[in-house]
Structure formats: structure tokens, C-alpha cells
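File shown: entry.txt (compact mmCIF, C-alpha atoms and all ligand atoms).
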```txt
# COMPACT_ATOMS: atom_id res chain seq x y z
CA PRO A 1 121.23 74.81 170.07
CA GLN A 2 123.74 75.10 167.25
CA ASP A 3 124.08 71.38 166.77
CA LYS A 4 120.62 70.96 165.27
CA THR A 5 120.61 69.84 161.66
CA LEU A 6 118.28 69.49 158.69
CA ASP A 7 117.85 65.86 159.77
CA ASP A 8 116.34 67.11 163.04
CA LEU A 9 114.08 69.54 161.21
CA PHE A 10 112.98 66.77 158.84
CA LEU A 11 112.10 64.50 161.76
CA ASP A 12 110.26 67.28 163.63
CA THR A 13 108.23 68.09 160.54
CA LEU A 14 107.41 64.41 159.99
CA LYS A 15 106.05 64.35 163.54
CA ASP A 16 103.99 67.46 162.81
CA ILE A 17 102.29 65.98 159.74
CA TYR A 18 101.89 62.60 161.47
CA PHE A 19 99.93 64.32 164.23
CA ALA A 20 97.99 66.29 161.61
CA GLU A 21 97.05 63.22 159.54
CA LYS A 22 95.69 61.49 162.62
CA GLN A 23 93.52 64.51 163.42
CA ILE A 24 92.32 64.62 159.81
CA LEU A 25 91.45 60.92 160.02
CA LYS A 26 89.07 61.78 162.86
CA ALA A 27 87.64 64.90 161.19
CA LEU A 28 86.80 63.45 157.76
CA PRO A 29 83.98 61.13 158.90
CA LYS A 30 82.32 64.10 160.62
CA MET A 31 82.60 66.14 157.43
CA ALA A 32 81.22 63.25 155.36
CA LYS A 33 78.30 62.96 157.71
CA ALA A 34 77.60 66.69 157.54
CA ALA A 35 77.83 67.03 153.73
CA GLU A 36 74.56 67.35 151.82
CA ASP A 37 75.83 66.69 148.29
CA PRO A 38 76.26 62.90 147.79
CA GLN A 39 79.36 63.51 145.65
CA LEU A 40 80.97 65.60 148.36
CA LYS A 41 80.03 63.01 150.97
CA ALA A 42 81.59 60.24 148.84
CA GLY A 43 84.66 62.39 148.27
CA PHE A 44 85.24 62.82 151.99
CA GLU A 45 84.78 59.08 152.55
CA GLU A 46 87.25 58.24 149.79
CA HIS A 47 89.79 60.67 151.17
CA ARG A 48 89.40 59.19 154.61
CA ASP A 49 90.61 55.87 153.17
CA GLN A 50 93.51 57.62 151.45
CA THR A 51 94.38 59.32 154.72
CA GLU A 52 94.79 55.92 156.36
CA GLN A 53 97.45 55.25 153.76
CA HIS A 54 99.07 58.61 154.44
CA VAL A 55 99.45 57.59 158.08
CA GLU A 56 100.90 54.22 157.02
CA ARG A 57 103.38 55.84 154.63
CA LEU A 58 104.60 58.12 157.42
CA GLU A 59 105.02 55.09 159.67
CA GLN A 60 107.11 53.47 156.94
CA ILE A 61 109.31 56.57 156.82
CA PHE A 62 109.82 56.58 160.61
CA GLU A 63 110.85 52.95 160.25
CA MET A 64 113.31 53.80 157.44
CA LEU A 65 114.85 56.40 159.76
CA ASP A 66 114.91 53.96 162.65
CA LYS A 67 112.80 56.31 164.74
CA PRO A 68 109.62 55.60 166.67
CA ALA A 69 106.46 56.88 164.92
CA ARG A 70 105.49 59.73 167.18
CA GLY A 71 103.37 62.80 166.60
CA LYS A 72 104.02 66.31 167.78
CA THR A 73 101.09 68.63 168.50
CA CYS A 74 100.38 70.73 165.43
CA GLU A 75 98.48 73.85 166.45
CA ALA A 76 97.97 74.80 162.81
CA ILE A 77 95.87 71.75 161.95
CA LEU A 78 93.94 72.01 165.22
CA GLY A 79 93.06 75.58 164.23
CA ILE A 80 92.07 74.65 160.68
CA ILE A 81 89.92 71.72 161.86
CA GLY A 82 88.42 73.93 164.58
CA GLU A 83 87.32 76.43 161.96
CA GLY A 84 85.72 73.59 160.00
CA GLU A 85 83.78 72.52 163.07
CA GLU A 86 82.63 76.09 163.59
CA ILE A 87 81.29 76.17 160.02
CA MET A 88 79.48 72.87 160.56
CA ASP A 89 77.78 74.31 163.64
CA ASP A 90 77.04 77.77 162.28
CA PHE A 91 75.79 76.70 158.82
CA LYS A 92 73.98 73.48 159.72
CA GLY A 93 70.81 73.13 157.67
CA THR A 94 71.67 76.00 155.31
CA HIS A 95 72.37 76.03 151.56
CA ALA A 96 75.84 77.35 152.29
CA LEU A 97 76.91 74.36 154.38
CA ASP A 98 78.56 72.37 151.59
CA ALA A 99 80.39 75.44 150.30
CA GLY A 100 81.71 75.94 153.83
CA LEU A 101 82.75 72.29 154.15
CA ILE A 102 84.64 72.53 150.86
CA SER A 103 86.43 75.66 152.02
CA ALA A 104 87.43 73.98 155.28
CA ALA A 105 88.63 70.86 153.47
CA GLN A 106 90.68 72.90 151.02
CA ALA A 107 92.44 74.65 153.90
CA VAL A 108 93.37 71.19 155.23
CA GLU A 109 94.61 69.97 151.83
CA HIS A 110 96.70 73.10 151.33
CA TYR A 111 98.33 72.66 154.72
CA GLU A 112 99.16 69.07 153.82
CA MET A 113 100.50 70.06 150.40
CA ALA A 114 102.78 72.63 152.01
CA ARG A 115 104.14 70.07 154.44
CA TYR A 116 104.56 67.21 151.96
CA GLY A 117 106.15 69.48 149.36
CA THR A 118 108.73 70.64 151.89
CA LEU A 119 109.34 67.17 153.29
CA LYS A 120 109.86 65.71 149.82
CA THR A 121 112.45 68.40 149.00
CA TRP A 122 114.29 67.80 152.28
CA ALA A 123 114.20 64.01 151.85
CA ASN A 124 115.93 64.44 148.48
CA LEU A 125 118.49 66.87 149.93
CA LEU A 126 119.22 64.37 152.70
CA GLY A 127 119.67 61.56 150.18
CA ARG A 128 116.54 59.69 151.27
CA LYS A 129 115.05 58.85 147.89
CA ASP A 130 113.02 56.05 149.49
CA ALA A 131 111.25 58.51 151.79
CA ALA A 132 110.94 61.12 149.02
CA ALA A 133 108.99 58.66 146.85
CA LEU A 134 106.47 57.98 149.62
CA LEU A 135 106.10 61.70 150.37
CA GLU A 136 105.56 62.41 146.68
CA ALA A 137 102.84 59.74 146.47
CA THR A 138 100.91 61.36 149.30
CA TYR A 139 101.52 64.87 147.94
CA LYS A 140 99.89 63.84 144.65
CA GLU A 141 96.81 62.48 146.43
CA GLU A 142 96.41 65.72 148.38
CA LEU A 143 96.74 67.71 145.16
CA GLU A 144 94.14 65.54 143.40
CA THR A 145 91.78 65.89 146.35
CA ASP A 146 92.16 69.66 146.27
CA LYS A 147 91.36 69.69 142.53
CA LYS A 148 88.25 67.55 143.05
CA LEU A 149 87.08 69.92 145.78
CA THR A 150 87.53 72.87 143.43
CA GLN A 151 85.47 71.07 140.78
CA LEU A 152 82.68 70.43 143.27
CA ALA A 153 82.81 74.04 144.42
CA VAL A 154 82.70 75.49 140.92
CA GLY A 155 80.29 72.94 139.49
CA ASN A 156 77.68 72.73 142.11
CA ASP A 157 77.86 73.52 145.74
CA ASN A 158 78.89 77.16 145.66
CA SER A 159 76.38 78.04 142.94
CA LYS A 160 73.66 76.44 145.04
CA ALA A 161 74.78 78.56 147.95
CA ALA A 162 74.80 81.68 145.79
CA ALA A 163 71.36 80.96 144.30
CA ALA A 164 69.91 80.67 147.78
CA ALA A 165 71.51 83.91 148.89
FE FE B 1 96.80 63.38 154.03
FE FE B 2 94.38 65.24 152.65
```

Re-express the file's structure as C-alpha cells.
Ligand code: FE
Ligand code: FE
Amino acid sequence: PQDKTLDDLFLDTLKDIYFAEKQILKALPKMAKAAEDPQLKAGFEEHRDQTEQHVERLEQIFEMLDKPARGKTCEAILGIIGEGEEIMDDFKGTHALDAGLISAAQAVEHYEMARYGTLKTWANLLGRKDAAALLEATYKEELETDKKLTQLAVGNDNSKAAAAA
């Protein structure tokens, strides 16, 4: 309908990432359990705790907007997590497992970065500086997580996978 606004799009997208964060919260412990490298394992556990905060920040934003915190099925994150699960199954017990887990996690972080970047921009356009600050805080944590994953990939896990090839 023609009466839909950027406010509606902002709310819909909040619901999308809220659903996604909750799925990620369930996936991270499985990835931590599967990881061989203790640093990667610890990284997944740490990010699980951060993800709890991401969910809380989104709930704060719903409250600011006077809307109920409700998720909306996000097929994209279900697909990305599904691919991660496939890697865990297919590469279990191999030297390439950690490299595969990192690749799956980076796909998740990039999805989140795309969403939070957009939401932050829209929050500012809509004059919601309070929401923009929370979205920015989460965006930075996703970015940092992605960087740490790259360091692990370059420094260790991928070279192990390559050496065993
Ligand atoms: Fe997150
Ligand atoms: Fe994340």
C-alpha cells in the first residue's frame, strides 16, 4: 500500500534482526562445541554473551518505539545458519572444520553488519538518535567479531587446513 513509510520499514527490519539474533543465540553454543581451536571456541562463547546484549538492545529500541518486541521470520539467517550446520556435519573430525566454522560465522557477522548499518542510518534519518546509538554499539561489536575471525583464519585455522590438504 502507498501509505507505508520509512518508519514501517525500520520496524520491519528491526523485527528481522531480532528474529536473526535469537537464532544466532541458539547457533553459537553449537559452533563453540564443534570448534577444535580453543581460541575459536572461546571466541564463539564470548560472542554468545555479546549476542544476549544485542537482543536486549533491540528490546530497548522496541520499547523506545512503544512497540512490542516481536520477531519476523528471516529466511536469510535461517539459510546462513543452515549452511553452517551442513559444514559442521560434512567436515566433522577433519582439519578443515575450523576453517569452515569461521567462514560460516563470518557470513553471519556480515549479515548482521548489513542490517545494523542500515538500521543505524534509518534511525538517524527518522530522528531517533537514542536508537541509533544502540544500533551503532552492536554494529561495532559485530565488526570487531568479524575482524577477530579473520585474524584466526589468517593466523591459524586456515593454514592448518591447507597444510593437511
Ligand atoms: Fe549480533
Ligand atoms: Fe554477531

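Nearest to Gly117 of chain A of all the residues A:Glu45, A:Ala164, A:Ala137, A:Asp130 is A:Ala137, based on all atoms listed in the file.
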
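With only C-alpha atoms and all ligand atoms as the basis for measurement, A:Met113 is the residue among A:Ile87, A:Leu6, A:Met113, A:Ala132 that approaches ligand FE 2 (chain B) most closely.
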
With all atoms listed in the file counted and 6 Å as the cut-off, give the residues of chain A in contact with ligand FE 1 (chain B), each with its shortest interatomic distance in Å and the pair that gives it, as a Markdown table.
```
| residue | atom | partner | partner_atom | distance |
| --- | --- | --- | --- | --- |
| A:Glu21 | CA | B:FE1 | FE | 5.5 |
| A:Thr51 | CA | B:FE1 | FE | 4.8 |
| A:His54 | CA | B:FE1 | FE | 5.3 |
```

State, in Å with one decimal place, the distance from atom CA of Ala96 of chain A to atom CA of Lys33 of chain A. 15.6 Å

Would you mind telling me which residue in A:Leu78, A:Val108, A:Leu119, A:Leu97 lies nearest to Lys15 of chain A when using only C-alpha atoms? A:Leu119

Please find the residues contacting ligand FE 2 (chain B) at a distance of at most 8 Å between atoms, with all atoms listed in the file counted, and report them as a list in words. Glu21, Ile24, His47, Gln50, Thr51, Val108, Glu109, Glu112, Glu141, Glu142 and Thr145 of chain A

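Taking only C-alpha atoms into account, Phe44 of chain A lies nearest to A:Ile102 out of the set A:Ile102, A:Leu58, A:Ile80, A:Leu14.
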
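The closest residue to Gly82 of chain A, picked from A:Leu135, A:Leu143, A:Gln23, A:Pro68 and counting all atoms listed in the file, is A:Gln23.
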
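With distances restricted to only C-alpha atoms, A:Tyr116 is the closest residue to Lys140 of chain A from A:Leu126, A:Tyr116, A:Gln60, A:Ala162.
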
Would you compute the box with edges along x, y and z of the file around segment 144-159 of chain A, including every atom the file lists for it and 4 Å extra on each side, and give its centre and edge lengths in Å to one decimal, as AutoDock Vina command-line options?
```
--center_x 85.3 --center_y 71.8 --center_z 142.9 --size_x 25.8 --size_y 20.5 --size_z 14.9
```

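Atom CA of Lys72 of chain A is positioned 20.1 Å from atom CA of Leu134 of chain A.
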
Tell me, as a PyMOL selection string, which residues lie within 12 Å of Gly155 of chain A, counting all atoms listed in the file; anything in the same chain fewer than 4 positions away does not count. chain A and resi 37+39-40+99+147-151+159-161

Quick one, how far is atom CA of Ser103 of chain A from atom CA of Ala27 of chain A? 14.2 Å

Nearby residues, (78.0, 64.1, 161.4) file frame, 12 Å, all atoms listed in the file, as number ranges by chain: A: 26-36, 41, 44, 85, 88-89, 92, 101

Could I see segment 82-93 of chain A restored to all heavy atoms, set down as a PDB file, in the frame of the given file?
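Below you can see out.pdb, which holds the result:
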```pdb
ATOM      1  N   GLY A  82      89.338  73.185 163.699  1.00  0.00           N
ATOM      2  CA  GLY A  82      88.420  73.930 164.580  1.00  0.00           C
ATOM      3  C   GLY A  82      87.529  74.886 163.789  1.00  0.00           C
ATOM      4  O   GLY A  82      86.333  74.992 164.057  1.00  0.00           O
ATOM      5  N   GLU A  83      88.120  75.538 162.810  1.00  0.00           N
ATOM      6  CA  GLU A  83      87.320  76.430 161.960  1.00  0.00           C
ATOM      7  C   GLU A  83      86.279  75.645 161.177  1.00  0.00           C
ATOM      8  O   GLU A  83      85.147  76.107 160.989  1.00  0.00           O
ATOM      9  CB  GLU A  83      88.226  77.200 160.993  1.00  0.00           C
ATOM     10  CG  GLU A  83      89.010  78.313 161.671  1.00  0.00           C
ATOM     11  CD  GLU A  83      89.758  79.194 160.692  1.00  0.00           C
ATOM     12  OE1 GLU A  83      89.662  78.977 159.469  1.00  0.00           O
ATOM     13  OE2 GLU A  83      90.455  80.111 161.157  1.00  0.00           O
ATOM     14  N   GLY A  84      86.668  74.453 160.709  1.00  0.00           N
ATOM     15  CA  GLY A  84      85.720  73.590 160.000  1.00  0.00           C
ATOM     16  C   GLY A  84      84.543  73.205 160.879  1.00  0.00           C
ATOM     17  O   GLY A  84      83.388  73.206 160.442  1.00  0.00           O
ATOM     18  N   GLU A  85      84.847  72.899 162.131  1.00  0.00           N
ATOM     19  CA  GLU A  85      83.780  72.520 163.070  1.00  0.00           C
ATOM     20  C   GLU A  85      82.837  73.693 163.336  1.00  0.00           C
ATOM     21  O   GLU A  85      81.622  73.523 163.473  1.00  0.00           O
ATOM     22  CB  GLU A  85      84.391  71.998 164.378  1.00  0.00           C
ATOM     23  CG  GLU A  85      84.850  70.556 164.217  1.00  0.00           C
ATOM     24  CD  GLU A  85      85.702  70.036 165.368  1.00  0.00           C
ATOM     25  OE1 GLU A  85      86.035  70.820 166.293  1.00  0.00           O
ATOM     26  OE2 GLU A  85      86.045  68.840 165.314  1.00  0.00           O
ATOM     27  N   GLU A  86      83.423  74.882 163.391  1.00  0.00           N
ATOM     28  CA  GLU A  86      82.630  76.090 163.590  1.00  0.00           C
ATOM     29  C   GLU A  86      81.653  76.278 162.421  1.00  0.00           C
ATOM     30  O   GLU A  86      80.479  76.599 162.619  1.00  0.00           O
ATOM     31  CB  GLU A  86      83.588  77.275 163.669  1.00  0.00           C
ATOM     32  CG  GLU A  86      83.129  78.417 164.530  1.00  0.00           C
ATOM     33  CD  GLU A  86      84.208  79.491 164.587  1.00  0.00           C
ATOM     34  OE1 GLU A  86      85.346  79.185 165.014  1.00  0.00           O
ATOM     35  OE2 GLU A  86      83.917  80.628 164.168  1.00  0.00           O
ATOM     36  N   ILE A  87      82.148  76.053 161.206  1.00  0.00           N
ATOM     37  CA  ILE A  87      81.290  76.170 160.020  1.00  0.00           C
ATOM     38  C   ILE A  87      80.154  75.150 160.081  1.00  0.00           C
ATOM     39  O   ILE A  87      78.998  75.457 159.798  1.00  0.00           O
ATOM     40  CB  ILE A  87      82.131  76.001 158.728  1.00  0.00           C
ATOM     41  CG1 ILE A  87      83.015  77.237 158.514  1.00  0.00           C
ATOM     42  CG2 ILE A  87      81.226  75.774 157.510  1.00  0.00           C
ATOM     43  CD1 ILE A  87      84.040  77.096 157.406  1.00  0.00           C
ATOM     44  N   MET A  88      80.510  73.913 160.476  1.00  0.00           N
ATOM     45  CA  MET A  88      79.480  72.870 160.560  1.00  0.00           C
ATOM     46  C   MET A  88      78.379  73.258 161.544  1.00  0.00           C
ATOM     47  O   MET A  88      77.206  73.009 161.303  1.00  0.00           O
ATOM     48  CB  MET A  88      80.112  71.537 160.990  1.00  0.00           C
ATOM     49  CG  MET A  88      80.794  70.815 159.847  1.00  0.00           C
ATOM     50  SD  MET A  88      81.236  69.125 160.314  1.00  0.00           S
ATOM     51  CE  MET A  88      82.971  69.305 160.639  1.00  0.00           C
ATOM     52  N   ASP A  89      78.763  73.866 162.640  1.00  0.00           N
ATOM     53  CA  ASP A  89      77.780  74.310 163.640  1.00  0.00           C
ATOM     54  C   ASP A  89      76.967  75.494 163.126  1.00  0.00           C
ATOM     55  O   ASP A  89      75.746  75.501 163.176  1.00  0.00           O
ATOM     56  CB  ASP A  89      78.480  74.743 164.939  1.00  0.00           C
ATOM     57  CG  ASP A  89      78.975  73.551 165.742  1.00  0.00           C
ATOM     58  OD1 ASP A  89      78.545  72.410 165.434  1.00  0.00           O
ATOM     59  OD2 ASP A  89      79.782  73.751 166.660  1.00  0.00           O
ATOM     60  N   ASP A  90      77.687  76.501 162.622  1.00  0.00           N
ATOM     61  CA  ASP A  90      77.040  77.770 162.280  1.00  0.00           C
ATOM     62  C   ASP A  90      76.166  77.671 161.031  1.00  0.00           C
ATOM     63  O   ASP A  90      75.229  78.454 160.877  1.00  0.00           O
ATOM     64  CB  ASP A  90      78.102  78.864 162.044  1.00  0.00           C
ATOM     65  CG  ASP A  90      78.842  79.234 163.328  1.00  0.00           C
ATOM     66  OD1 ASP A  90      78.441  78.734 164.402  1.00  0.00           O
ATOM     67  OD2 ASP A  90      79.814  80.011 163.249  1.00  0.00           O
ATOM     68  N   PHE A  91      76.503  76.741 160.107  1.00  0.00           N
ATOM     69  CA  PHE A  91      75.790  76.700 158.820  1.00  0.00           C
ATOM     70  C   PHE A  91      74.967  75.420 158.648  1.00  0.00           C
ATOM     71  O   PHE A  91      74.494  75.121 157.554  1.00  0.00           O
ATOM     72  CB  PHE A  91      76.770  76.896 157.660  1.00  0.00           C
ATOM     73  CG  PHE A  91      77.256  78.317 157.582  1.00  0.00           C
ATOM     74  CD1 PHE A  91      78.366  78.721 158.323  1.00  0.00           C
ATOM     75  CD2 PHE A  91      76.595  79.252 156.808  1.00  0.00           C
ATOM     76  CE1 PHE A  91      78.804  80.034 158.282  1.00  0.00           C
ATOM     77  CE2 PHE A  91      77.023  80.564 156.764  1.00  0.00           C
ATOM     78  CZ  PHE A  91      78.133  80.964 157.504  1.00  0.00           C
ATOM     79  N   LYS A  92      74.799  74.690 159.738  1.00  0.00           N
ATOM     80  CA  LYS A  92      73.980  73.480 159.720  1.00  0.00           C
ATOM     81  C   LYS A  92      72.594  73.779 159.156  1.00  0.00           C
ATOM     82  O   LYS A  92      71.963  74.763 159.552  1.00  0.00           O
ATOM     83  CB  LYS A  92      73.867  72.955 161.160  1.00  0.00           C
ATOM     84  CG  LYS A  92      73.440  71.517 161.251  1.00  0.00           C
ATOM     85  CD  LYS A  92      73.484  71.068 162.699  1.00  0.00           C
ATOM     86  CE  LYS A  92      72.985  69.625 162.799  1.00  0.00           C
ATOM     87  NZ  LYS A  92      73.072  69.122 164.160  1.00  0.00           N
ATOM     88  N   GLY A  93      72.147  72.957 158.204  1.00  0.00           N
ATOM     89  CA  GLY A  93      70.810  73.130 157.670  1.00  0.00           C
ATOM     90  C   GLY A  93      70.656  74.274 156.672  1.00  0.00           C
ATOM     91  O   GLY A  93      69.543  74.574 156.245  1.00  0.00           O
TER      92      GLY A  93
END
```
